[in-house]
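Chemist: A single structure is presented below for examination.
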Amino acid sequence: MLLLAAAVGSLALVKGRDAAMASTRVLFGQINGRIADHIAGFLDAAKGVNDLNLASFQVGELDMARPAEIERHLVALMRAHPDISSSYVGSLAGGIVDAGREGAQGAEYVIETPLFVAGPFMKHAIDARGAKGAVLLRVPSFDARTRPWFRAAIDAGRPIWIEPFALFSGQDSAISTARPILDAQGRVVGVASVDIFLSQIGAFLGRINRELGGTSFLIDDAGRLVASTSDTRIFDLPRPGEQPERIRAYSSSDPLVASAALAIARDGGGRDSERFYSFRRGEERLVALVSRFPESGDLGWRIVTAFPEKAFMAPVVSAARSSILLIAVAAAILCLLTALAANVLATRLRQFSEFASAVATERGSYPAHGMKLSRVREVGSLQRDLVSMRADLEASFSRLEEEIEERRRAEAGLSESKRAYDGLARVIPVGIYLLREGGDGSFSYDYQSPRFRELLGFDPDGPILGPEAYAGKVRRADLESYLAAQEAALAAKGGFRWEGWFSVGDSQRCLRLESIPEAQEGGDTLWHGVLTDVTESREAEERIRRLLGERDLLLHEVHHRLKNNMNTAIAILTMQADSEGDSRVVGALNAASGRLRSMAHLYNVLYRSDQLDSVLVNEYLPLLVGEIHGNFPNSGSVEIQVEAGDFRLSPSKTIPLGMIVNELFTNSMKHAFAGRERGRISVSASLADGRVTLAVSDDGVGMPPLSPAAGSRGFGMTLVEGLVAQLEGELRHERDAGTRLVVSFAV
């Protein structure tokens, strides 16, 4: 029994370790799947930026002959995509235009070569408006045609990924995707490229494994390190005159990364799509899962997740040791109790044997065993008992035959009902199942319709399989949500509903599982469920979502084109004003350009906004007032104050609001401070009880009241009154140490 206890304990330890390793492999697969999804998002963002650059050139929005417009376009893209390091364009003449940021949260900059040709390379800091500041870096001679990203894109003639490289500043490493730029006639006119910081991937790897004490990292097919949680640099510090080289993963500063990479290298590099490793580092055993990242294209990346085995095996080993000790103690106690029971039983058997021998050999007297029985009376009683027992058995057999016949008729009716139920289940478009949850936590199917098995890719007329055969078909990316929904339903004993993707044959199908529980006698729970194929509806939703995204992109482009057209009109009006000698004509042209500038500023805000149906007033109003203020020669002597509430307005409300602000603010700048050296203008906008209140006030000389008796008013005030009427609002003129005009209207 002690040997049996030791064997059972050892077997439990082995089986427990195998189960823990199987669970570990599933967990590693989920971790690698999350990492693959996250990195795919980074790569898709970069490819999307390059696709947008190519489209802008092909439709004529961008042109290699206008590098300033290319620079503004790249700055807007860089700010709209925080995951990218920089976006740049190289010309066939060797020039470059670049917009980027220093580190994941660093300062922004632009890079250019004069005339967009090979020559001096200058890196400028830029402010929030995109204006260039100080020169941060100057390289005497630069030729984009000699750079790896340029040559690789031209040679390949298609979008291509460039291997990781160290940035100029040296504070980070990056990868880039490059593609040739084609004009409307299909001719190559340059190369567009986008860089992504590898430190952002390393930071994500650190977050995903921080709680479990393991690590994840990326390597390429040559075993070189791409990103990890602990290696901030993936390039060796080169000697003077040499190019930096990427370090091998087994040279990592993290011992766990180095050990895992060394085990993979000894195995030949682990080029399988997925492989599980178990290896030692000194006295410690480690485990790792290597998964090929399918979206890496030309880079050939692999995801590695490694953990100390003790993180998963410590509870198993402790439980096995406790089990062996308890079994040994129980076996010892059982041996003692068995010996005592055997002694008592042997004594009772010996006494019965002596009594039976006495009954068999003696007629008139019995030994003193505590009872004096008559042999004849006992035999007669035994005979009567046997006859009575036989009669009872015959009656029981007769009742049993009747019950068997009744059950046979019931089973025949049940079989007929089951055939009718199966016939109905074959023709309805959904699968039906009954899943039994035992009181011990086990699961088994009581029924599966042929349609249920067919939807999951099994033989419709085949045998009923266990739950594990169907759970294994859930797509890896959806497995976590499937298990979470299952646990929630089991814990609440409420309805279960989950929708996700399954691998059915060579295709992926989106299926919906729905079931409700029914408590059974004996502690079991029966789940009544249906399985529905919703692939077509899910694909339709994806098409609608994609069309909505394309619509948003088109609206962005429309706003951008409107802004550019208005800027062109403003430039024409400004040029005309500069060529006129009549001050009244110049004033009218400048006023018209100011009105257009307020509308162009609105479309600029809409172009940079994520919400195209409304404008954030506390973002739009300060920028508009600041731009109007800066256009006046006396702006240095006039102090401005802007207070705007945190609310949104539709473009149809914002356009007249901006033109009103332009007219009132311009009027104050022109007339309020005549004969004074200093002045102040205040602009405020607030929302209360569904009405917007706009106030423009100054501390100047004041203006006549807005009444018919005041005589004729200028075009500006006439325009303001017309815009207020368009908003169905009210205009009030208040005089208090200056002029205060208040406009209110309903949202």
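Chain labels A, B, ... are given in the sequence in which chains occur in the structure tokens; within each chain residues are numbered consecutively from 1, and ligands are likewise numbered from 1 in the order shown.
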With only C-alpha atoms as the counted atoms, please give the residues lying no more than 9 Å from Asp127 of chain A, apart from itself and same-chain residues fewer than 4 positions off, as an MDAnalysis selection string.

Modeler: chainID A and resid 107:109 131:133

Chemist: Give me the residues within 9 Å of Gly100 of chain A as a list of chain:residue names, counting only C-alpha atoms and dropping any in the same chain fewer than 5 places off.

Modeler: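 Final neighbour list, sorted by chain and number: A:Leu74, A:Val75, A:Met78, A:Arg79, A:Ile84, A:Ser85, A:Ser86, A:Ser87, A:Tyr88, A:Ala107, A:Glu108, A:Tyr109, A:Val110, A:Ile111, A:Asp195.
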
Chemist: Those same residues - N, CA and C atoms - I'd like them written as a PDB file, in the first residue's frame.

Modeler:
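The resulting file, result_11.pdb, is reproduced below:
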```pdb
ATOM      1  N   LEU A  74       2.871  66.574 -44.289  1.00  0.00           N
ATOM      2  CA  LEU A  74       3.544  65.584 -43.434  1.00  0.00           C
ATOM      3  C   LEU A  74       3.416  65.954 -41.962  1.00  0.00           C
ATOM      4  N   VAL A  75       3.465  67.243 -41.619  1.00  0.00           N
ATOM      5  CA  VAL A  75       3.287  67.672 -40.219  1.00  0.00           C
ATOM      6  C   VAL A  75       1.891  67.288 -39.739  1.00  0.00           C
ATOM      7  N   MET A  78       1.782  63.517 -39.206  1.00  0.00           N
ATOM      8  CA  MET A  78       2.547  63.121 -38.007  1.00  0.00           C
ATOM      9  C   MET A  78       1.749  63.410 -36.738  1.00  0.00           C
ATOM     10  N   ARG A  79       1.087  64.550 -36.681  1.00  0.00           N
ATOM     11  CA  ARG A  79       0.308  64.885 -35.487  1.00  0.00           C
ATOM     12  C   ARG A  79      -0.959  64.044 -35.376  1.00  0.00           C
ATOM     13  N   ILE A  84       3.641  56.928 -34.964  1.00  0.00           N
ATOM     14  CA  ILE A  84       4.763  56.962 -35.908  1.00  0.00           C
ATOM     15  C   ILE A  84       5.835  57.919 -35.417  1.00  0.00           C
ATOM     16  N   SER A  85       7.087  57.647 -35.789  1.00  0.00           N
ATOM     17  CA  SER A  85       8.221  58.513 -35.439  1.00  0.00           C
ATOM     18  C   SER A  85       8.316  59.694 -36.394  1.00  0.00           C
ATOM     19  N   SER A  86       8.287  59.410 -37.688  1.00  0.00           N
ATOM     20  CA  SER A  86       8.371  60.482 -38.674  1.00  0.00           C
ATOM     21  C   SER A  86       7.830  59.975 -39.997  1.00  0.00           C
ATOM     22  N   SER A  87       7.437  60.923 -40.841  1.00  0.00           N
ATOM     23  CA  SER A  87       6.968  60.641 -42.202  1.00  0.00           C
ATOM     24  C   SER A  87       7.738  61.552 -43.144  1.00  0.00           C
ATOM     25  N   TYR A  88       8.335  61.000 -44.224  1.00  0.00           N
ATOM     26  CA  TYR A  88       9.183  61.820 -45.070  1.00  0.00           C
ATOM     27  C   TYR A  88       9.085  61.374 -46.529  1.00  0.00           C
ATOM     28  N   ALA A 107       9.732  66.374 -28.600  1.00  0.00           N
ATOM     29  CA  ALA A 107       9.423  67.592 -29.340  1.00  0.00           C
ATOM     30  C   ALA A 107       9.331  67.294 -30.840  1.00  0.00           C
ATOM     31  N   GLU A 108       8.584  68.137 -31.555  1.00  0.00           N
ATOM     32  CA  GLU A 108       8.371  67.944 -32.981  1.00  0.00           C
ATOM     33  C   GLU A 108       9.417  68.707 -33.794  1.00  0.00           C
ATOM     34  N   TYR A 109       9.685  68.219 -35.006  1.00  0.00           N
ATOM     35  CA  TYR A 109      10.678  68.868 -35.850  1.00  0.00           C
ATOM     36  C   TYR A 109      10.332  68.633 -37.321  1.00  0.00           C
ATOM     37  N   VAL A 110      10.980  69.397 -38.193  1.00  0.00           N
ATOM     38  CA  VAL A 110      10.917  69.161 -39.639  1.00  0.00           C
ATOM     39  C   VAL A 110      12.344  69.140 -40.178  1.00  0.00           C
ATOM     40  N   ILE A 111      12.551  68.395 -41.268  1.00  0.00           N
ATOM     41  CA  ILE A 111      13.863  68.277 -41.917  1.00  0.00           C
ATOM     42  C   ILE A 111      13.668  68.607 -43.393  1.00  0.00           C
ATOM     43  N   ASP A 195       8.570  56.070 -40.373  1.00  0.00           N
ATOM     44  CA  ASP A 195       9.321  55.396 -39.314  1.00  0.00           C
ATOM     45  C   ASP A 195       8.420  55.147 -38.116  1.00  0.00           C
TER      46      ASP A 195
END
```

Chemist: Using only C-alpha atoms, can you tell me which of A:Asp37, A:Glu71, A:Asp221, A:Glu309 comes closest to Asp18 of chain A?

Modeler: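 Using only C-alpha atoms, Asp18 of chain A sits closest to A:Glu309.
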
Chemist: So that I can check the surroundings of Glu112 of chain A, please list as a list in words every protein, DNA and RNA residue that reaches within 6 Å of it, counting only C-alpha atoms and ignoring chain neighbours fewer than 4 positions away.

Modeler: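 The residues satisfying every condition are Ile96, Val97 and Met122 of chain A.
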
Chemist: Just how far from atom CA of Gly95 of chain A is atom CA of Pro114 of chain A, in Å to one decimal?

Modeler: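 Atom-to-atom, atom CA of Pro114 of chain A to atom CA of Gly95 of chain A, that is 7.7 Å.
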
Chemist: Could you tell me, as a ChimeraX atom specification, which residues of segment 47-168 of chain A DSSP assigns to alpha helix (DSSP H) when given the backbone?

Modeler: /A:47-58,67-80,148-156

Chemist: For segment 659-673 of chain A, work out the shell of residues within 6 Å, counting only C-alpha atoms and skipping chain neighbours fewer than 2 positions away, then give it as a list of chain:residue names.

Modeler: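 Counting only C-alpha atoms, the residues come to A:Arg595, A:Pro656, A:Leu657, A:Arg676, A:Gly700, A:Val701, A:Gly716, A:Val720.
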
Chemist: Limited to N, CA and C atoms, could you put the picked residues into a file as a PDB file, in the first residue's frame?

Modeler:
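Output (again_17.pdb):
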```pdb
ATOM      1  N   ARG A 595     -12.728  88.215 -43.433  1.00  0.00           N
ATOM      2  CA  ARG A 595     -13.914  87.360 -43.309  1.00  0.00           C
ATOM      3  C   ARG A 595     -13.641  85.961 -43.871  1.00  0.00           C
ATOM      4  N   PRO A 656     -21.177  81.610 -38.968  1.00  0.00           N
ATOM      5  CA  PRO A 656     -21.613  82.983 -38.660  1.00  0.00           C
ATOM      6  C   PRO A 656     -21.033  83.501 -37.355  1.00  0.00           C
ATOM      7  N   LEU A 657     -20.839  82.607 -36.350  1.00  0.00           N
ATOM      8  CA  LEU A 657     -20.238  83.044 -35.091  1.00  0.00           C
ATOM      9  C   LEU A 657     -18.831  83.591 -35.336  1.00  0.00           C
ATOM     10  N   ARG A 676      -4.982 106.750 -28.478  1.00  0.00           N
ATOM     11  CA  ARG A 676      -4.503 106.108 -27.239  1.00  0.00           C
ATOM     12  C   ARG A 676      -3.352 105.169 -27.556  1.00  0.00           C
ATOM     13  N   GLY A 700     -12.324 101.192 -25.040  1.00  0.00           N
ATOM     14  CA  GLY A 700     -11.978 102.328 -25.896  1.00  0.00           C
ATOM     15  C   GLY A 700     -12.953 103.481 -25.749  1.00  0.00           C
ATOM     16  N   VAL A 701     -13.032 104.282 -26.802  1.00  0.00           N
ATOM     17  CA  VAL A 701     -13.803 105.527 -26.770  1.00  0.00           C
ATOM     18  C   VAL A 701     -15.295 105.267 -26.908  1.00  0.00           C
ATOM     19  N   GLY A 716     -19.915  96.515 -42.125  1.00  0.00           N
ATOM     20  CA  GLY A 716     -19.575  95.513 -41.100  1.00  0.00           C
ATOM     21  C   GLY A 716     -20.723  95.283 -40.135  1.00  0.00           C
ATOM     22  N   VAL A 720     -23.090  92.073 -39.498  1.00  0.00           N
ATOM     23  CA  VAL A 720     -23.280  91.450 -38.180  1.00  0.00           C
ATOM     24  C   VAL A 720     -24.763  91.247 -37.906  1.00  0.00           C
TER      25      VAL A 720
END
```

Chemist: Got a sec to tell me which of segment 602-696 of chain A DSSP assigns to strand (DSSP E), as number ranges by chain?

Modeler: A: 615-616, 638-644, 648-649, 679-688, 691-696

Chemist: Can you work out which one of A:Phe165, A:Ala55, A:Gly630, A:Glu102 has the shortest atom-to-atom distance to His124 of chain A, counting only C-alpha atoms?

Modeler: A:Glu102

Chemist: Give me the residues within 10 Å of Leu687 of chain A as a PyMOL selection string, counting only C-alpha atoms and dropping any in the same chain fewer than 3 places off.

Modeler: chain A and resi 644-648+690-694+744-747

Chemist: Those residues with all heavy atoms, as a CSV table (one decimal), in the first residue's frame please?

Modeler:
```csv
chain,number,residue,atom,x,y,z
A,644,ALA,N,-13.6,81.0,-23.3
A,644,ALA,CA,-14.6,80.2,-24.1
A,644,ALA,C,-14.9,79.0,-23.3
A,644,ALA,O,-14.0,78.3,-22.8
A,644,ALA,CB,-14.0,79.9,-25.5
A,645,GLY,N,-16.2,78.7,-23.2
A,645,GLY,CA,-16.6,77.5,-22.5
A,645,GLY,C,-16.3,76.2,-23.3
A,645,GLY,O,-16.1,76.2,-24.5
A,646,ASP,N,-16.4,75.1,-22.6
A,646,ASP,CA,-16.1,73.8,-23.2
A,646,ASP,C,-17.3,73.2,-23.8
A,646,ASP,O,-18.0,72.4,-23.2
A,646,ASP,CB,-15.5,72.8,-22.1
A,646,ASP,CG,-15.0,71.5,-22.7
A,646,ASP,OD1,-15.0,71.4,-23.9
A,646,ASP,OD2,-14.6,70.6,-21.9
A,647,PHE,N,-17.7,73.6,-24.9
A,647,PHE,CA,-18.9,73.1,-25.6
A,647,PHE,C,-18.6,73.1,-27.1
A,647,PHE,O,-17.7,73.7,-27.6
A,647,PHE,CB,-20.2,73.9,-25.3
A,647,PHE,CG,-20.1,75.3,-25.7
A,647,PHE,CD1,-20.7,75.8,-26.9
A,647,PHE,CD2,-19.5,76.3,-24.9
A,647,PHE,CE1,-20.7,77.1,-27.3
A,647,PHE,CE2,-19.5,77.6,-25.2
A,647,PHE,CZ,-20.1,78.0,-26.4
A,648,ARG,N,-19.5,72.4,-27.9
A,648,ARG,CA,-19.4,72.2,-29.3
A,648,ARG,C,-20.5,72.9,-30.1
A,648,ARG,O,-21.7,72.9,-29.5
A,648,ARG,CB,-19.3,70.8,-29.7
A,648,ARG,CG,-18.0,70.1,-29.3
A,648,ARG,CD,-17.9,68.7,-29.7
A,648,ARG,NE,-16.6,68.1,-29.5
A,648,ARG,CZ,-15.6,68.2,-30.3
A,648,ARG,NH1,-15.7,68.7,-31.5
A,648,ARG,NH2,-14.4,67.6,-30.0
A,690,GLY,N,-29.3,76.0,-23.0
A,690,GLY,CA,-29.5,75.8,-24.4
A,690,GLY,C,-29.3,77.1,-25.3
A,690,GLY,O,-29.6,77.1,-26.5
A,691,ARG,N,-28.7,78.1,-24.7
A,691,ARG,CA,-28.4,79.3,-25.5
A,691,ARG,C,-26.9,79.7,-25.4
A,691,ARG,O,-26.3,79.6,-24.3
A,691,ARG,CB,-29.2,80.5,-25.0
A,691,ARG,CG,-30.7,80.4,-25.3
A,691,ARG,CD,-31.5,81.7,-25.1
A,691,ARG,NE,-31.1,82.7,-26.0
A,691,ARG,CZ,-31.7,82.9,-27.2
A,691,ARG,NH1,-32.6,82.0,-27.6
A,691,ARG,NH2,-31.3,83.9,-27.9
A,692,VAL,N,-26.4,80.2,-26.5
A,692,VAL,CA,-25.0,80.6,-26.5
A,692,VAL,C,-24.9,82.1,-26.4
A,692,VAL,O,-25.7,82.8,-27.1
A,692,VAL,CB,-24.3,80.2,-27.9
A,692,VAL,CG1,-22.9,80.7,-27.9
A,692,VAL,CG2,-24.3,78.7,-28.0
A,693,THR,N,-24.1,82.6,-25.5
A,693,THR,CA,-23.9,84.1,-25.4
A,693,THR,C,-22.5,84.4,-25.8
A,693,THR,O,-21.5,83.9,-25.2
A,693,THR,CB,-24.2,84.5,-23.9
A,693,THR,OG1,-25.5,84.1,-23.5
A,693,THR,CG2,-24.0,86.0,-23.7
A,694,LEU,N,-22.3,85.3,-26.8
A,694,LEU,CA,-21.1,85.8,-27.2
A,694,LEU,C,-21.0,87.3,-26.9
A,694,LEU,O,-21.9,88.1,-27.2
A,694,LEU,CB,-20.9,85.6,-28.8
A,694,LEU,CG,-19.7,86.3,-29.4
A,694,LEU,CD1,-18.4,85.6,-29.0
A,694,LEU,CD2,-19.9,86.3,-31.0
A,744,SER,N,-26.7,86.7,-28.5
A,744,SER,CA,-27.2,85.4,-27.9
A,744,SER,C,-28.1,84.7,-29.0
A,744,SER,O,-28.9,85.3,-29.7
A,744,SER,CB,-28.0,85.7,-26.6
A,744,SER,OG,-29.2,86.4,-26.9
A,745,PHE,N,-28.0,83.4,-29.0
A,745,PHE,CA,-28.8,82.6,-29.9
A,745,PHE,C,-28.9,81.2,-29.3
A,745,PHE,O,-28.1,80.7,-28.5
A,745,PHE,CB,-28.2,82.5,-31.3
A,745,PHE,CG,-26.8,82.0,-31.4
A,745,PHE,CD1,-26.6,80.6,-31.6
A,745,PHE,CD2,-25.7,82.8,-31.2
A,745,PHE,CE1,-25.3,80.2,-31.6
A,745,PHE,CE2,-24.5,82.4,-31.3
A,745,PHE,CZ,-24.2,81.0,-31.5
A,746,ALA,N,-30.0,80.5,-29.8
A,746,ALA,CA,-30.2,79.1,-29.4
A,746,ALA,C,-29.3,78.1,-30.1
A,746,ALA,O,-29.0,78.3,-31.3
A,746,ALA,CB,-31.7,78.7,-29.6
A,747,VAL,N,-28.9,77.1,-29.4
A,747,VAL,CA,-28.0,76.1,-30.1
A,747,VAL,C,-28.8,75.3,-31.2
A,747,VAL,O,-29.9,74.9,-31.0
A,747,VAL,CB,-27.5,75.1,-29.1
A,747,VAL,CG1,-26.7,74.0,-29.7
A,747,VAL,CG2,-26.6,75.8,-28.0
```

Chemist: Can you tell me which residues surround Gly495 of chain A at a distance of at most 8 Å, considering only C-alpha atoms, apart from same-chain residues fewer than 2 positions away, and format the answer as a list in words?

Modeler: Ala489, Lys493, Arg497, Glu514, Ser515, Ile516 and Pro517 of chain A

Chemist: If you keep C-alpha atoms, can you produce a file of those selected residues as a CSV table (one decimal), in the first residue's frame?

Modeler:
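Just written: part-v4.csv:
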```csv
chain,number,residue,atom,x,y,z
A,489,ALA,CA,-22.6,32.5,-17.4
A,493,LYS,CA,-26.3,30.7,-13.8
A,497,ARG,CA,-24.6,34.6,-25.3
A,514,GLU,CA,-27.0,31.3,-27.1
A,515,SER,CA,-28.3,29.1,-24.2
A,516,ILE,CA,-30.4,29.2,-21.0
A,517,PRO,CA,-29.9,27.0,-18.0
```

Chemist: Find the distance between atom CA of Val89 of chain A and atom CA of Ile162 of chain A and write it in Å to one decimal.

Modeler: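 Interatomic distance, atom CA of Val89 of chain A to atom CA of Ile162 of chain A: 15.1 Å.
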
Chemist: Hey, what's within 9 Å of segment 485-487 of chain A if we count only C-alpha atoms and toss same-chain stuff fewer than 5 positions away? As a count of residues only, please?

Modeler: 5

Chemist: Pick out the closest residue to Val257 of chain A from this set: A:Glu402, A:Asp231, A:Glu643, A:Asp440. Count only C-alpha atoms.

Modeler: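 Result for the nearest residue to Val257 of chain A: A:Asp231.
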